[in-house]
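Worksheet: the structure to be examined is printed underneath.
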2 protein chains.
Amino acid sequence: MSSSPAQQPSPQLFFQTINAYQRTEALKAAIELEVFTAAGEGNTTAAQLAERCKTSERGMRILCDYLCIMGFLNKEGTNYSLTQDSAVFLDKRSPAYLGSATEFICTEKLTENFKNLAEVVRKGGSLATDGGTVAPDNPIWVKFARGMAPMMAMPAQLLAKLADPAADKKLKILDIAAGHGLYGIAFATRNKQAEVVGLDWAKVLEVAKENASNAGVADRYSTIEGSAFDVDYGSGYDLVLLTNFLHHFDAPTCETLLRKVHAALAEGGRAITLEFIPNEDRISPPDAAAFSVMMLGSTPSGDAYTFSELERMFANAGFVDSELHALTPTIQSAVISQK
Amino acid sequence: MSSSPAQQPSPQLFFQTINAYQRTEALKAAIELEVFTAAGEGNTTAAQLAERCKTSERGMRILCDYLCIMGFLNKEGTNYSLTQDSAVFLDKRSPAYLGSATEFICTEKLTENFKNLAEVVRKGGSLATDGGTVAPDNPIWVKFARGMAPMMAMPAQLLAKLADPAADKKLKILDIAAGHGLYGIAFATRNKQAEVVGLDWAKVLEVAKENASNAGVADRYSTIEGSAFDVDYGSGYDLVLLTNFLHHFDAPTCETLLRKVHAALAEGGRAITLEFIPNEDRISPPDAAAFSVMMLGSTPSGDAYTFSELERMFANAGFVDSELHALTPTIQSAVISQK
């Protein structure tokens with residue numbers, strides 16, 4: 001009814017985008033109210049969902065319609081149902097539940113970086129005076145380690161399978177900025193001969209150690225506490241994991257770190273990088289490319305690097321070869337760099 | 001690269017939506033920095049745009065890439081250019097410039113309503129203790145009248161053309177909650193025999209009177225100050241305009257008002273309603289349907305009403321017939337109701 005011919009100017013995109021913050025708030029509200037879990041349990045009408053989630057029926061009806069508009073629910077008549085993705089990722093009873101990721105993604109410490117984006121663009125980096133999210137020992141990373149673990153289970157398994165497909169040889173692995181530890185743990189779970197050293201701030205490593213213990217690999221999981229730029233890595237690693245780490249820093253800083261990684265690897269060792277990697281046009285695929293704005297707001301000089309930029313950093317740090325691998329269905333990619 | 005087969009679960013929509021607030025902030029920043037105007041002036045590279053807008057090049061490059069991802073700019077190589085819609089609506093030099101609408105749409109008084117949407121859903125309406133946006137004399141409506149006028153010029157002209165196509169007869173028009181006054185003024189501009197009475201809070205009417213004067217129709221523009229629910233409308237109107245007004249109230253309140261409108265109309269007179277009107281499924285078209293969340297957060301009991309709901313309200317108030325008209329390319333529709 002309101003759709004417009006291609007050539008006629010329309011303020012539709014402006015209107016959608018200027019109100020896009022309501023999408024974030026509606027999704028947060030639905031997760032907090034457990035709407036998706038309630039729908040998964042078989043509640044289908046606004047009245048049933050409202051009763052289960054202890055809300056007004058009117059509020060629930062409007063919220064659910066909005067969730068349909070955004071693509072999180074289906075609607076037939078007055079009955080709502082979960083989409084496949086919502087059933088997998090937003091029903092609390094699903095093992096792949098992502099709802100707790102909002103504790104990190106929506107934390108004030110992160111979102112406040114975007115409240116004056118004009119000034120961020122003027123400056124060219126985060127307005128945070130303490131270094132933003134990359135400040136030493138920033139407590140945000142404990143939230144990250146706790147909240148984002150469920151979101152990382154799938155990419156961690158995909159990455160371990162990609163980098164160690166046979167899983168039948170002894171491997172010494174360093175997991176830099178381990179966070180929740182799930183990447184290193186995924187390697188240790190698949191390969192019984194893998195030994196993992198997790199490196200991160202002490203408080204963050206508590207989460208990683210918990211997760212290693214829960215996964216039954218605590219006896220092959222050790223830790224190094226501190227900044228990846230300062231501590232001694234040891235040496236002789238077969239693999240060094242750099243998952244969601246390089247995007248926080250500028251290229252010279254990354255290269256400094258990569259030289260240290262290079263030195264810590266055994267001959268024939270490999271650096272395994274997981275990143276949001278846009279195509280060379282920097283605007284596709286949209287989700288990976290959009291991550292650069294996250295880095296603009298929350299770090300002094302981080303970015304979503306293209307593969308050619310990452311390749312150059314690794315080459316400058318002494319690596320002989322880097323290869324790009326899609327990590328479908330995640331929105332991230334892996335780079336495997338050979339010492 | 002990161003796109004996934006249809007049947008494979010993907011956290012893409014979750015990730016996009018939970019970060020959607022960054023879209024709002026990026027668009028606001030681009031408008032504030034005059035990026036679109038700068039691009040319209042012929043600046044194409046991040047370096048040129050940064051110099052013109054007095055920003056860092058890095059911040060501008062990342063912002064512009066994000067604007068491309070969102071569909072506000074095109075990119076070829078490292079050159080950015082305006083899309084057709086951005087040229088029409090976001091370049092300050094365009095007569096249809098909408099940038100100033102952000103002063104209303106993004107005002108804290110409005111956006112704060114969405115900061116705890118879970119609680120809003122529990123309650124079933126705005127948490128504002130003073131009645132939300134529909135509180136008497138709320139100063140937000142002066143911002144609305146000033147900021148939203150550019151956004152209303154097109155729908156106002158479309159509405160006047162729809163309801164008074166010949167524009168050759170004497171018309172007495174009441175414009176309820178006139179705001180910027182543009183709807184009534186559009187009728188007066190097209191039809192030299194039209195006399196318009198604008199009704200709104202006194203401070204808001206100052207804006208309407210300015211606009212009437214600028215349009216050269218001040219001699220046929222008079223005003224009634226106060227609440228549409230309280231003041232005496234007078235009588236004998238050929239047209240009563242209800243533009244973006246009914247959505248603030250529940251159906252019984254609307255009907256009370258419509259009975260008053262009915263009484264003020266001459267025999268054969270018509271009420272002309274402009275609204276966000278979703279289809280009966282309440283989830284399409286997306287922009288009109290999504291407006292219900294705006295009303296959930298910002299009013300005690302408003303809604304984006306379907307045509308059948310509006311038809312019923314008008315019928316209950318004594319109108320004999322209501323007709324729905326699309327107002328393409330806007331995302332709104334008109335209802336013409338016959339006394």
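Chain labels A, B, ... are given in the sequence in which chains occur in the structure tokens; within each chain residues are numbered consecutively from 1, and ligands are likewise numbered from 1 in the order shown.
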
At a cut-off of 6 Å, can you tabulate as CSV every residue of chain A near chain B together with its closest atom pair and the distance in Å to one decimal, using only C-alpha atoms and ordering rows by chain then number?
```
residue,atom,partner,partner_atom,distance
A:Ser2,CA,B:Ile331,CA,5.1
A:Ser4,CA,B:Pro329,CA,5.0
A:Pro9,CA,B:Asp85,CA,5.2
A:Ser10,CA,B:Pro329,CA,5.8
A:Thr17,CA,B:Thr24,CA,5.5
A:Ile18,CA,B:Thr24,CA,4.6
A:Ala20,CA,B:Ala20,CA,5.5
A:Tyr21,CA,B:Tyr21,CA,3.8
A:Thr24,CA,B:Ile18,CA,4.6
A:Ala29,CA,B:Ala118,CA,4.3
A:Thr55,CA,B:Arg122,CA,3.7
A:Ser56,CA,B:Gly124,CA,5.1
A:Arg58,CA,B:Gly124,CA,5.6
A:Gly59,CA,B:Val121,CA,4.1
A:Met60,CA,B:Val121,CA,6.0
A:Asp65,CA,B:Ile283,CA,5.7
A:Tyr66,CA,B:Ala290,CA,5.9
A:Ile69,CA,B:Ile283,CA,5.6
A:Asp85,CA,B:Pro9,CA,5.3
A:Leu117,CA,B:Ala29,CA,5.6
A:Ala118,CA,B:Ala29,CA,4.3
A:Val121,CA,B:Gly59,CA,4.1
A:Arg122,CA,B:Thr55,CA,3.7
A:Lys123,CA,B:Ser56,CA,5.7
A:Gly124,CA,B:Gly59,CA,4.3
A:Ile283,CA,B:Ile69,CA,5.6
A:Pro286,CA,B:Ile69,CA,5.8
A:Ala290,CA,B:Tyr66,CA,5.8
A:Thr328,CA,B:Ser2,CA,5.6
A:Pro329,CA,B:Ser4,CA,5.0
A:Ile331,CA,B:Ser2,CA,5.1
```

Filtered DSSP result for range 163-328 of chain B, state strand (DSSP E), as an MDAnalysis selection string: chainID B and resid 171:176 194:200 221:225 237:243 265:275 321:326

For the helix (DSSP H, G or I) assignment from backbone DSSP, which residues of range 84-286 of chain B qualify? Please present them as a ChimeraX atom specification. /B:84-89,99-105,108-114,117-123,132-134,140-147,149-163,182-190,202-214,218-220,246-248,251-264,286

A:Ala145, A:Val134, A:Ala263, A:Leu82: which is nearest Glu210 in chain A, counting only C-alpha atoms?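 Ranked by minimum distance to Glu210 in chain A, first place goes to A:Ala145.
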
Atom pair CA of Thr133 in chain A / CA of Leu274 in chain A: separation (Å):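 Between CA of Thr133 in chain A and CA of Leu274 in chain A the gap works out to 18.5 Å.
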
Find the spatial neighbours of Gly268 in chain B, counting only C-alpha atoms, within a cut-off of 9 Å - ignore same-chain residues fewer than 6 positions away - and output them as a PyMOL selection string. chain B and resi 238+338-339

Mind dumping the selected residues with N, CA and C atoms as a CSV table (one decimal), in the first residue's frame?
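Okay, out08.csv is ready:
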```csv
chain,number,residue,atom,x,y,z
B,238,ASP,N,-16.6,22.7,6.4
B,238,ASP,CA,-16.7,21.7,5.3
B,238,ASP,C,-15.7,20.6,5.5
B,338,GLN,N,-17.4,10.8,5.7
B,338,GLN,CA,-18.5,11.6,5.3
B,338,GLN,C,-19.5,11.8,6.5
B,339,LYS,N,-19.9,13.0,6.8
B,339,LYS,CA,-20.9,13.3,7.8
B,339,LYS,C,-22.2,12.7,7.3
```

When you look at Asn79 in chain B with a cut-off of 9 Å (counting only C-alpha atoms), what residues show up, excluding the ones that are within fewer than 5 positions of it in the same chain? I need them as a list of chain:residue names. B:Asn43, B:Thr44, B:Thr45, B:Ala46, B:Asn74

Report as a PyMOL selection string all protein, DNA and RNA residues lying within 12 Å of Tyr183 in chain B, evaluated on only C-alpha atoms, omitting residues in the same chain fewer than 2 positions from it. chain B and resi 145+149-161+163+173-181+185-190+196-199+208+211-212+215+221+239-244+272-274

I want to know what sits within 9 Å of Lys203 in chain B, based on only C-alpha atoms, with residues of the same chain fewer than 4 positions away left out; could you give that as a PyMOL selection string? chain B and resi 137+139+141-142+207+225

Take the selection from the previous step and output its residues with C-alpha atoms, as a PDB file, in the first residue's frame.
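What follows is the written file selection31.pdb:
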```pdb
ATOM      1  CA  ASP B 137       0.925  21.768  26.715  1.00  0.00           C
ATOM      2  CA  PRO B 139       6.708  21.519  24.998  1.00  0.00           C
ATOM      3  CA  TRP B 141       4.993  19.769  20.332  1.00  0.00           C
ATOM      4  CA  VAL B 142       6.749  23.038  19.707  1.00  0.00           C
ATOM      5  CA  VAL B 207       4.771  28.253  14.643  1.00  0.00           C
ATOM      6  CA  GLU B 225      -5.923  27.880  21.469  1.00  0.00           C
TER       7      GLU B 225
END
```

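Restricting the calculation to only C-alpha atoms, the smallest distance between Val217 in chain B and any of B:Ala194, B:Ala334, B:Ile140, B:Met148 is found for B:Ala194.
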